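Enquirer: Contents of model26.txt (compact mmCIF, C-alpha atoms):
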# COMPACT_ATOMS: atom_id res chain seq x y z
CA MET A 1 -43.88 82.89 8.32
CA THR A 2 -40.22 82.67 9.20
CA THR A 3 -39.21 80.06 11.76
CA SER A 4 -36.67 80.65 14.50
CA ALA A 5 -34.36 78.21 12.76
CA VAL A 6 -34.24 80.43 9.71
CA LYS A 7 -33.68 83.50 11.89
CA ASN A 8 -30.78 82.04 13.79
CA ASN A 9 -29.07 80.29 10.90
CA PHE A 10 -30.06 81.38 7.40
CA LEU A 11 -27.21 79.36 5.85
CA PRO A 12 -27.06 75.54 5.89
CA PRO A 13 -25.20 74.30 9.02
CA GLY A 14 -22.68 72.37 6.95
CA LEU A 15 -21.83 75.41 4.88
CA VAL A 16 -21.46 77.60 7.97
CA SER A 17 -19.09 75.02 9.47
CA ASN A 18 -17.02 74.89 6.26
CA LEU A 19 -16.90 78.66 6.07
CA GLN A 20 -15.69 78.94 9.66
CA GLU A 21 -13.03 76.31 8.96
CA VAL A 22 -11.82 78.18 5.88
CA LEU A 23 -11.52 81.42 7.84
CA LEU A 24 -9.71 79.73 10.71
CA ASN A 25 -7.29 78.00 8.33
CA ARG A 26 -6.63 81.30 6.58
CA LYS A 27 -5.94 82.97 9.92
CA GLY A 28 -3.66 80.16 10.97
CA ALA A 29 -1.76 80.25 7.71
CA GLN A 30 -1.33 83.99 8.04
CA ASN A 31 -0.03 83.61 11.61
CA ASP A 32 2.53 81.01 10.44
CA LYS A 33 3.61 83.32 7.65
CA ASP A 34 3.94 86.23 10.09
CA GLN A 35 6.08 84.12 12.44
CA GLN A 36 8.40 83.11 9.59
CA SER A 37 8.81 86.68 8.36
CA LYS A 38 9.03 88.28 11.82
CA PRO A 39 12.05 90.66 11.89
CA LYS A 40 14.80 90.48 14.48
CA VAL A 41 14.23 92.69 17.53
CA ASP A 42 17.72 94.19 17.32
CA ASP A 43 17.12 95.49 13.76
CA PRO A 44 15.07 98.70 14.17
CA SER A 45 15.04 99.34 10.43
CA THR A 46 12.82 96.33 9.87
CA GLN A 47 10.30 96.92 12.67
CA PRO A 48 6.69 96.87 11.42
CA SER A 49 4.58 99.99 11.72
CA SER A 50 1.86 100.12 14.38
CA SER A 51 -0.33 102.31 12.20
CA ASP A 52 -3.85 101.10 11.40
CA SER A 53 -4.11 103.24 8.27
CA VAL A 54 -4.82 101.89 4.79
CA PRO A 55 -1.64 100.44 3.19
CA ASP A 56 0.31 103.02 1.22
CA VAL A 57 0.48 102.18 -2.47
CA VAL A 58 1.94 105.43 -3.76
CA ALA A 59 4.35 104.78 -6.63
CA ASP A 60 8.00 105.31 -5.78
CA ASP A 61 8.55 107.44 -8.87
CA ALA A 62 5.66 109.83 -8.19
CA ASP A 63 6.71 113.35 -9.18
CA SER A 64 5.54 115.91 -6.63
CA THR A 65 5.89 118.67 -9.22
CA LYS A 66 3.16 117.17 -11.38
CA PRO A 67 -0.52 118.00 -10.80
CA VAL A 68 -2.67 115.34 -9.12
CA VAL A 69 -5.71 114.00 -10.97
CA LEU A 70 -8.32 111.85 -9.23
CA VAL A 71 -10.23 109.34 -11.35
CA THR A 72 -13.45 107.59 -10.33
CA ASN A 73 -16.39 106.06 -12.18
CA ALA A 74 -19.76 104.40 -11.70
CA ASP A 75 -19.46 101.17 -13.71
CA GLY A 76 -16.94 99.68 -11.30
CA ILE A 77 -13.17 99.74 -11.03
CA GLU A 78 -12.67 96.78 -13.39
CA SER A 79 -14.78 98.26 -16.21
CA PRO A 80 -13.01 99.02 -19.53
CA GLY A 81 -13.95 102.71 -19.48
CA ILE A 82 -11.90 103.63 -16.41
CA THR A 83 -9.12 101.18 -17.32
CA CYS A 84 -8.58 102.78 -20.73
CA LEU A 85 -8.73 106.28 -19.27
CA VAL A 86 -6.22 105.59 -16.50
CA ASP A 87 -3.88 103.80 -18.90
CA ALA A 88 -3.83 106.81 -21.24
CA LEU A 89 -3.28 109.32 -18.43
CA VAL A 90 -0.43 107.26 -16.94
CA ARG A 91 1.22 106.82 -20.36
CA GLN A 92 1.07 110.58 -21.00
CA GLY A 93 2.95 111.20 -17.78
CA LEU A 94 1.64 114.76 -17.44
CA CYS A 95 0.06 114.20 -14.02
CA ASN A 96 0.07 111.89 -11.01
CA VAL A 97 -2.94 109.64 -11.48
CA ASN A 98 -4.90 108.50 -8.42
CA VAL A 99 -7.93 106.22 -8.59
CA CYS A 100 -10.72 105.71 -6.08
CA ALA A 101 -13.62 103.84 -7.65
CA PRO A 102 -16.50 101.53 -6.69
CA GLN A 103 -15.84 97.84 -6.40
CA SER A 104 -19.01 97.02 -8.37
CA ASP A 105 -21.46 98.63 -10.78
CA LYS A 106 -23.09 101.75 -9.31
CA SER A 107 -24.10 103.37 -12.58
CA VAL A 108 -27.59 104.34 -11.38
CA ALA A 109 -26.67 105.10 -7.76
CA GLY A 110 -27.36 108.81 -8.26
CA HIS A 111 -25.95 111.07 -5.55
CA SER A 112 -26.31 108.43 -2.82
CA PHE A 113 -23.73 107.73 -0.16
CA THR A 114 -23.23 105.06 2.48
CA LEU A 115 -24.37 105.96 5.99
CA LYS A 116 -24.33 103.90 9.19
CA GLU A 117 -22.34 101.16 7.46
CA THR A 118 -18.60 100.55 7.18
CA ILE A 119 -17.16 100.46 3.68
CA ALA A 120 -14.11 98.44 2.70
CA VAL A 121 -11.18 100.09 0.88
CA THR A 122 -8.67 97.83 -0.85
CA PRO A 123 -5.44 98.82 -2.67
CA THR A 124 -5.36 97.61 -6.25
CA ASP A 125 -3.31 98.16 -9.39
CA ILE A 126 -4.44 99.86 -12.58
CA HIS A 127 -1.58 100.40 -15.00
CA GLY A 128 0.71 101.69 -12.25
CA ALA A 129 -1.65 104.34 -10.89
CA THR A 130 -2.22 104.75 -7.16
CA ALA A 131 -5.58 103.01 -6.89
CA TYR A 132 -8.19 101.85 -4.37
CA GLU A 133 -11.43 99.97 -4.86
CA VAL A 134 -14.26 100.91 -2.51
CA SER A 135 -17.34 98.94 -1.48
CA GLY A 136 -19.47 102.06 -1.86
CA THR A 137 -20.93 104.54 -4.33
CA PRO A 138 -19.14 107.05 -6.60
CA VAL A 139 -20.01 109.77 -4.08
CA ASP A 140 -18.43 107.69 -1.30
CA CYS A 141 -15.27 107.33 -3.41
CA VAL A 142 -14.88 111.04 -4.18
CA SER A 143 -15.84 112.18 -0.69
CA LEU A 144 -13.38 109.75 0.92
CA ALA A 145 -10.59 110.66 -1.49
CA LEU A 146 -11.03 114.39 -0.84
CA SER A 147 -11.32 113.96 2.94
CA GLY A 148 -7.58 113.50 3.48
CA ALA A 149 -8.12 110.15 5.18
CA LEU A 150 -6.95 108.05 2.25
CA PHE A 151 -4.45 109.99 0.11
CA SER A 152 -1.51 112.08 1.28
CA TRP A 153 -2.23 115.05 -0.99
CA SER A 154 -4.56 117.84 0.12
CA LYS A 155 -6.56 118.30 -3.08
CA PRO A 156 -6.34 117.18 -6.72
CA VAL A 157 -6.41 119.77 -9.49
CA LEU A 158 -9.12 117.82 -11.31
CA VAL A 159 -11.57 114.97 -10.72
CA ILE A 160 -12.56 112.86 -13.73
CA SER A 161 -15.53 110.53 -13.44
CA GLY A 162 -15.87 107.93 -16.18
CA ILE A 163 -15.88 106.66 -18.77
CA ASN A 164 -19.44 105.39 -18.28
CA ARG A 165 -21.06 102.74 -20.47
CA GLY A 166 -24.18 104.51 -21.75
CA SER A 167 -25.20 108.14 -22.19
CA SER A 168 -26.20 110.42 -19.31
CA CYS A 169 -28.39 113.00 -20.98
CA GLY A 170 -31.31 115.03 -19.70
CA HIS A 171 -33.05 113.66 -16.63
CA GLN A 172 -30.67 110.69 -16.60
CA MET A 173 -28.15 113.00 -14.93
CA PHE A 174 -30.23 112.82 -11.74
CA TYR A 175 -29.91 109.02 -11.67
CA SER A 176 -26.37 108.88 -13.01
CA GLY A 177 -23.60 107.72 -10.70
CA VAL A 178 -20.89 108.99 -13.07
CA VAL A 179 -22.29 112.54 -13.01
CA ALA A 180 -22.74 112.30 -9.23
CA GLY A 181 -19.03 111.57 -8.80
CA ALA A 182 -18.15 114.79 -10.61
CA ARG A 183 -20.87 116.71 -8.79
CA GLU A 184 -19.49 115.65 -5.40
CA ALA A 185 -16.11 117.04 -6.41
CA LEU A 186 -17.76 120.33 -7.32
CA PHE A 187 -19.49 120.34 -3.93
CA ASN A 188 -15.97 120.36 -2.50
CA SER A 189 -14.80 123.17 -4.82
CA VAL A 190 -12.72 120.84 -6.99
CA PRO A 191 -13.05 121.21 -10.79
CA SER A 192 -14.52 118.12 -12.35
CA ILE A 193 -15.44 116.38 -15.60
CA SER A 194 -17.72 113.40 -16.14
CA ILE A 195 -17.60 111.32 -19.33
CA SER A 196 -20.15 108.94 -20.86
CA LEU A 197 -20.00 106.88 -24.04
CA ASP A 198 -23.25 106.52 -26.00
CA TRP A 199 -23.00 102.74 -25.86
CA ARG A 200 -25.29 100.69 -28.10
CA ASN A 201 -25.63 97.02 -27.23
CA ASP A 202 -26.03 95.95 -30.84
CA GLU A 203 -23.26 98.14 -32.27
CA SER A 204 -20.64 99.14 -29.70
CA GLN A 205 -17.50 97.20 -28.78
CA GLU A 206 -14.88 97.40 -26.04
CA SER A 207 -12.38 99.20 -28.29
CA ASP A 208 -14.77 102.17 -28.43
CA PHE A 209 -13.68 103.10 -24.90
CA LYS A 210 -10.08 103.47 -26.04
CA ASP A 211 -11.27 105.63 -28.94
CA ALA A 212 -13.42 107.70 -26.57
CA VAL A 213 -10.34 108.37 -24.42
CA SER A 214 -8.36 109.61 -27.42
CA VAL A 215 -11.23 111.97 -28.25
CA CYS A 216 -11.45 113.36 -24.71
CA LEU A 217 -7.74 113.66 -23.89
CA PRO A 218 -7.23 117.07 -25.58
CA LEU A 219 -10.05 118.55 -23.51
CA ILE A 220 -8.76 116.91 -20.32
CA ASN A 221 -5.23 118.25 -20.92
CA ALA A 222 -6.60 121.71 -21.64
CA ALA A 223 -8.63 121.57 -18.41
CA ILE A 224 -5.57 120.68 -16.32
CA ARG A 225 -3.59 123.48 -17.97
CA ASP A 226 -6.32 126.12 -17.52
CA ILE A 227 -7.17 125.09 -13.96
CA GLU A 228 -3.58 125.89 -12.98
CA LYS A 229 -3.97 129.25 -14.73
CA GLY A 230 -7.30 129.93 -13.02
CA ALA A 231 -9.12 129.99 -16.38
CA PHE A 232 -11.35 126.90 -15.95
CA PRO A 233 -15.05 127.45 -15.07
CA LYS A 234 -15.48 127.37 -11.29
CA SER A 235 -19.26 127.26 -10.99
CA CYS A 236 -20.05 124.12 -12.96
CA LEU A 237 -18.84 120.69 -13.94
CA LEU A 238 -18.55 119.60 -17.55
CA HIS A 239 -20.25 116.45 -18.74
CA ILE A 240 -18.79 115.04 -21.95
CA GLY A 241 -21.05 112.81 -24.01
CA VAL A 242 -19.10 110.80 -26.60
CA PRO A 243 -21.11 109.54 -29.61
CA LYS A 244 -21.41 105.83 -30.37
CA SER A 245 -18.67 106.02 -33.05
CA PRO A 246 -16.02 108.12 -31.28
CA LEU A 247 -13.48 108.36 -34.11
CA THR A 248 -16.03 109.56 -36.67
CA ASN A 249 -17.39 112.36 -34.48
CA LYS A 250 -18.22 115.74 -36.03
CA GLY A 251 -16.39 117.73 -33.38
CA PHE A 252 -17.14 119.19 -29.95
CA LYS A 253 -20.41 121.00 -29.38
CA LEU A 254 -21.51 123.03 -26.36
CA THR A 255 -24.94 121.71 -25.42
CA LYS A 256 -27.79 122.28 -22.98
CA GLN A 257 -29.23 119.71 -20.62
CA SER A 258 -32.45 118.44 -22.14
CA LEU A 259 -35.60 116.96 -20.63
CA TRP A 260 -34.75 113.59 -22.16
CA SER A 261 -35.63 110.64 -19.95
CA SER A 262 -36.26 106.91 -20.02
CA THR A 263 -39.51 105.23 -19.08
CA LEU A 264 -39.24 103.28 -15.83
CA CYS A 265 -41.15 100.06 -16.51
CA TRP A 266 -41.83 97.67 -13.62
CA GLN A 267 -42.38 94.02 -14.48
CA ALA A 268 -44.05 91.59 -12.07
CA LYS A 269 -42.03 88.44 -11.45
CA SER A 270 -43.04 84.99 -10.30
CA SER A 271 -43.11 84.48 -6.53
CA THR A 272 -43.12 80.65 -6.69
CA ARG A 273 -39.85 80.18 -4.87
CA ASN A 274 -38.57 79.65 -1.36
CA LEU A 275 -39.70 82.63 0.71
CA ALA A 276 -36.55 82.83 2.81
CA ALA A 277 -34.39 82.79 -0.31
CA GLY A 278 -36.72 85.25 -2.01
CA ARG A 279 -36.40 87.74 0.80
CA PHE A 280 -32.65 87.34 0.90
CA LEU A 281 -31.61 87.45 -2.75
CA PRO A 282 -33.13 90.78 -3.92
CA ASN A 283 -31.18 92.76 -1.34
CA GLN A 284 -28.09 90.68 -0.79
CA GLN A 285 -25.41 89.13 -2.93
CA SER A 286 -25.75 85.50 -3.95
CA LEU A 287 -23.96 82.95 -1.80
CA GLY A 288 -21.37 82.30 -4.48
CA MET A 289 -20.49 85.98 -4.66
CA GLN A 290 -20.21 86.13 -0.86
CA LEU A 291 -17.69 83.31 -0.84
CA SER A 292 -15.72 84.67 -3.80
CA GLN A 293 -15.39 88.06 -2.15
CA LEU A 294 -14.11 86.73 1.18
CA GLY A 295 -10.61 87.15 -0.20
CA ARG A 296 -11.29 90.87 -0.53
CA ASP A 297 -12.26 91.28 3.10
CA ALA A 298 -9.70 93.00 5.27
CA SER A 299 -9.98 90.28 7.92
CA ALA A 300 -12.07 87.39 9.20
CA ALA A 301 -13.79 89.89 11.47
CA GLY A 302 -14.87 91.85 8.41
CA ALA A 303 -16.48 88.74 6.93
CA ALA A 304 -18.22 88.03 10.23
CA ARG A 305 -19.64 91.57 10.29
CA LYS A 306 -21.10 91.00 6.81
CA LEU A 307 -22.90 87.84 7.93
CA VAL A 308 -24.32 89.57 11.02
CA THR A 309 -25.61 92.44 8.89
CA GLN A 310 -27.25 90.06 6.42
CA ARG A 311 -28.91 88.13 9.24
CA LYS A 312 -30.37 91.35 10.61
CA ASN A 313 -31.70 92.30 7.19
CA ILE A 314 -33.53 89.00 6.86
CA GLU A 315 -35.28 89.52 10.19
CA VAL A 316 -36.34 93.03 9.21
CA VAL A 317 -38.20 91.96 6.06
CA GLU A 318 -40.33 89.30 7.73
CA SER A 319 -44.02 89.45 6.85
CA VAL A 320 -45.95 90.73 9.87
CA GLY A 321 -49.54 91.78 10.47
CA ILE A 322 -51.22 94.15 12.90
CA ALA A 323 -49.52 94.51 16.30
CA GLY A 324 -46.42 92.82 14.93
CA LYS A 325 -47.96 89.35 14.79
CA ALA A 326 -46.75 86.99 12.09
CA ASP A 327 -49.22 86.82 9.20
CA PRO A 328 -48.80 83.72 6.98
CA ASP A 329 -51.58 84.94 4.63
CA ARG A 330 -49.71 88.05 3.48
CA LYS A 331 -48.21 87.53 0.04
CA VAL A 332 -44.80 88.85 -0.98
CA LYS A 333 -44.74 90.27 -4.51
CA TYR A 334 -41.65 90.64 -6.69
CA PHE A 335 -40.91 93.23 -9.36
CA ARG A 336 -37.99 94.06 -11.61
CA LEU A 337 -37.29 97.48 -13.11
CA GLU A 338 -36.46 97.92 -16.79
CA LEU A 339 -35.54 101.16 -18.55
CA LEU A 340 -37.21 101.77 -21.88
CA ASP A 341 -36.29 104.52 -24.33
CA LYS A 342 -39.11 106.78 -25.37
CA LYS A 343 -39.43 109.08 -28.35
CA GLN A 344 -38.18 112.59 -27.68
CA GLU A 345 -40.16 115.53 -28.97
CA GLU A 346 -37.55 118.25 -28.38
CA GLU A 347 -36.04 119.37 -31.68
CA ASP A 348 -33.42 121.89 -30.48
CA GLU A 349 -30.12 120.88 -32.11
CA ASP A 350 -28.18 122.26 -29.14
CA LEU A 351 -29.66 119.78 -26.67
CA ASP A 352 -27.35 117.08 -25.31
CA PHE A 353 -29.10 114.01 -26.72
CA ARG A 354 -29.66 115.63 -30.12
CA ALA A 355 -25.96 116.47 -30.44
CA LEU A 356 -25.07 112.85 -29.63
CA GLU A 357 -27.56 111.53 -32.15
CA ASN A 358 -26.04 113.81 -34.78
CA GLY A 359 -22.52 112.53 -34.09
CA PHE A 360 -21.12 115.42 -32.05
CA VAL A 361 -19.17 115.20 -28.79
CA ALA A 362 -21.66 116.92 -26.48
CA VAL A 363 -20.13 119.09 -23.76
CA THR A 364 -22.80 120.09 -21.24
CA PRO A 365 -22.08 122.51 -18.36
CA VAL A 366 -23.91 121.31 -15.23
CA SER A 367 -24.42 123.90 -12.50
CA LEU A 368 -25.12 123.35 -8.82
CA ALA A 369 -27.50 126.31 -8.78
CA MET A 370 -31.13 125.21 -8.85
CA HIS A 371 -32.61 128.07 -10.83
CA VAL A 372 -36.37 128.29 -11.23
CA GLU A 373 -37.63 129.80 -14.45
CA ALA A 374 -39.46 133.12 -14.15
CA ASP A 375 -42.89 131.81 -15.25
CA VAL A 376 -42.64 128.84 -12.88
CA ASN A 377 -41.66 131.14 -10.01
CA ALA A 378 -44.58 133.48 -10.80
CA ALA A 379 -47.07 130.60 -10.90
CA ALA A 380 -45.81 129.23 -7.58
CA SER A 381 -45.99 132.69 -5.99
CA LYS A 382 -49.57 133.17 -7.21
CA TRP A 383 -50.65 129.78 -5.87
CA ILE A 384 -49.04 130.28 -2.45
CA SER A 385 -50.73 133.70 -2.07
CA SER A 386 -54.15 132.32 -2.99
CA ALA A 387 -53.70 129.26 -0.74
CA LEU A 388 -52.85 131.44 2.26
CA GLU A 389 -55.85 133.73 1.57
CA VAL A 390 -58.20 130.73 1.63
CA GLU A 391 -56.73 129.47 4.89
CA GLN A 392 -57.16 132.87 6.53
Take the structure from the file and write it as structure tokens.
Expert:
Amino acid sequence: MTTSAVKNNFLPPGLVSNLQEVLLNRKGAQNDKDQQSKPKVDDPSTQPSSSDSVPDVVADDADSTKPVVLVTNADGIESPGITCLVDALVRQGLCNVNVCAPQSDKSVAGHSFTLKETIAVTPTDIHGATAYEVSGTPVDCVSLALSGALFSWSKPVLVISGINRGSSCGHQMFYSGVVAGAREALFNSVPSISISLDWRNDESQESDFKDAVSVCLPLINAAIRDIEKGAFPKSCLLHIGVPKSPLTNKGFKLTKQSLWSSTLCWQAKSSTRNLAAGRFLPNQQSLGMQLSQLGRDASAAGAARKLVTQRKNIEVVESVGIAGKADPDRKVKYFRLELLDKKQEEEDEDLDFRALENGFVAVTPVSLAMHVEADVNAAASKWISSALEVEQ
């Protein structure tokens, strides 16, 4: 049972006081800085803008004649996959590179988006590209970037999502955040490519991402060229699966999405811990992470909104019985999900995971059309007809 003291103040009083003091000191320091740097009234050229829009971080040397490419990912904006990709694209200089990627790992976020919550968007720097980190999902990032609310351009010629750490074959595409980022672009009629590296924990190393980029660049450049010519496929996205040893690949291979999937294994965990902490930690960031991320908040008000939201969440998950009465006898159970590989029976060499296993770069077209096979459609039609006859 949760006491009113826990409801009203789920952090230790001393820590709350220190946190408030830090925020107030930061605000005061900022005010002093603003007063020192305040421009003279009679100098109109130095007057600050009254706009509340996100700070503009567009590079001064951006060439408007170059095509715009939007890059996102699912592993998080600081992951080596997106860093290597953006670095290579910027060095090539063939396009204006813009980045809008999740602040943290969203690799299994699927096609989820953030609703009824405010997301934070912060300018950042990735090898000179115009970049923002977003406290949301890959779908949030692509949707926001294409909305016109963040970037000045109307539409990029191509959206690239990746490079993801780990393959996204078969049924994994439904869970995959990196594929979802590309799919959201296709929803908005923007050509897109998603890229995954077949990462192996006991074999792979960070330099493999750089090698994966060098493997994919020819296809990316060809896509940009053919999109401008109108020759790129318009009804699907392309998912590129890079084998675990990128530089020793056997070449590109057009593949089909398989039925490959992982086994979702739930493990029971010990519940011998503080109940209030137990209810808080599974759904919220640890206290240390909260404090470390205060510097990323747009303002003290933003940090305050976070604390209010977390307090509400704690109240929601209280254990209650019938008629809303507190029930101290109800036990809270804890589980953790693990993904286990299972043996695949499909032997078709043109399937995505088979091509990867055999050392090919697997290129899988992914359509938005949800086609039902003829035999499945016939079976469903037969069942519906018989079900309706019985009801009548």
Enquirer: So how far away is atom CA of Val157 of chain A from atom CA of Val68 of chain A, in Å?
Expert: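 A separation of 5.8 Å between them.
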Enquirer: Within 6 Å of segment 228-237 of chain A, counting only C-alpha atoms, which residues show up once you throw out same-chain ones fewer than 5 positions away? Write them as number ranges by chain, please.
Expert: A: 192-193, 365-367
Enquirer: Point out the residue among A:Leu238, A:Val178, A:Val215, A:Val361 with the least atom-to-atom distance to Gly162 of chain A, counting only C-alpha atoms.
Expert: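 Among the listed residues, A:Val178 lies closest to Gly162 of chain A.
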Enquirer: Excluding Ser167 of chain A and residues on its chain fewer than 6 positions from it, collect all residues at most 10 Å away from it, counting all atoms listed in the file, and give them as a list in words.
Expert: Met173, Ser176, Ile195, Ser196, Leu197, Asp198, Trp199, Arg200, Ile240, Gly241, Val242, Pro243, Lys244, Asp352, Phe353 and Leu356 of chain A
Enquirer: Nearest to Leu340 of chain A among A:Leu89, A:Leu70, A:Ser262, A:Ala109, with distances taken over all atoms listed in the file: which residue is it?
Expert: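 Going through A:Leu89, A:Leu70, A:Ser262, A:Ala109 one by one, the smallest distance to Leu340 of chain A is for A:Ser262.
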Enquirer: Interatomic distance between atom CA of Thr248 of chain A and atom CA of Val86 of chain A?
Expert: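 Atom CA of Thr248 of chain A sits 22.8 Å away from atom CA of Val86 of chain A.
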Enquirer: Considering all atoms listed in the file, state which residue in the set A:Ala120, A:Ala129, A:Val69, A:Leu146 is at the smallest distance from Leu186 of chain A.
Expert: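 Nearest candidate to Leu186 of chain A out of A:Ala120, A:Ala129, A:Val69, A:Leu146: A:Leu146.
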Enquirer: Mind giving me the straight-line distance from atom CA of Leu247 of chain A to atom CA of Ser107 of chain A in Å, one decimal?
Expert: 24.5 Å
Enquirer: Point out the residue among A:Val99, A:Leu337, A:Val121, A:Val363 with the least atom-to-atom distance to Cys216 of chain A, counting all atoms listed in the file.
Expert: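 Residue with the minimum atom-to-atom distance to Cys216 of chain A: A:Val363.
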Enquirer: Which polymer residues, whether protein, DNA or RNA, lie within 8 Å of the coordinate (-24.6, 113.5, -4.5) when you count all atoms listed in the file? List them as a PyMOL selection string, using the chain letters and numbers from the file.
Expert: chain A and resi 110-113+139+180-181+183-184
Enquirer: Using all atoms listed in the file, pick whichever of A:Val134, A:Ala145, A:Val390, A:Val108 has the shortest atom-to-atom distance to Ile77 of chain A.
Expert: A:Val134
Enquirer: Between A:Thr122, A:Ser381, A:Leu85, A:Lys116, single out the one closest to Pro102 of chain A, counting only C-alpha atoms.
Expert: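 Closest candidate: A:Thr122.
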Enquirer: Find the spatial neighbours of Ser79 of chain A, counting all atoms listed in the file, within a cut-off of 12 Å - ignore same-chain residues fewer than 5 positions away - and output them as a ChimeraX atom specification.
Expert: /A:72-74,84-86,101-107,126,133,162-165,206,209
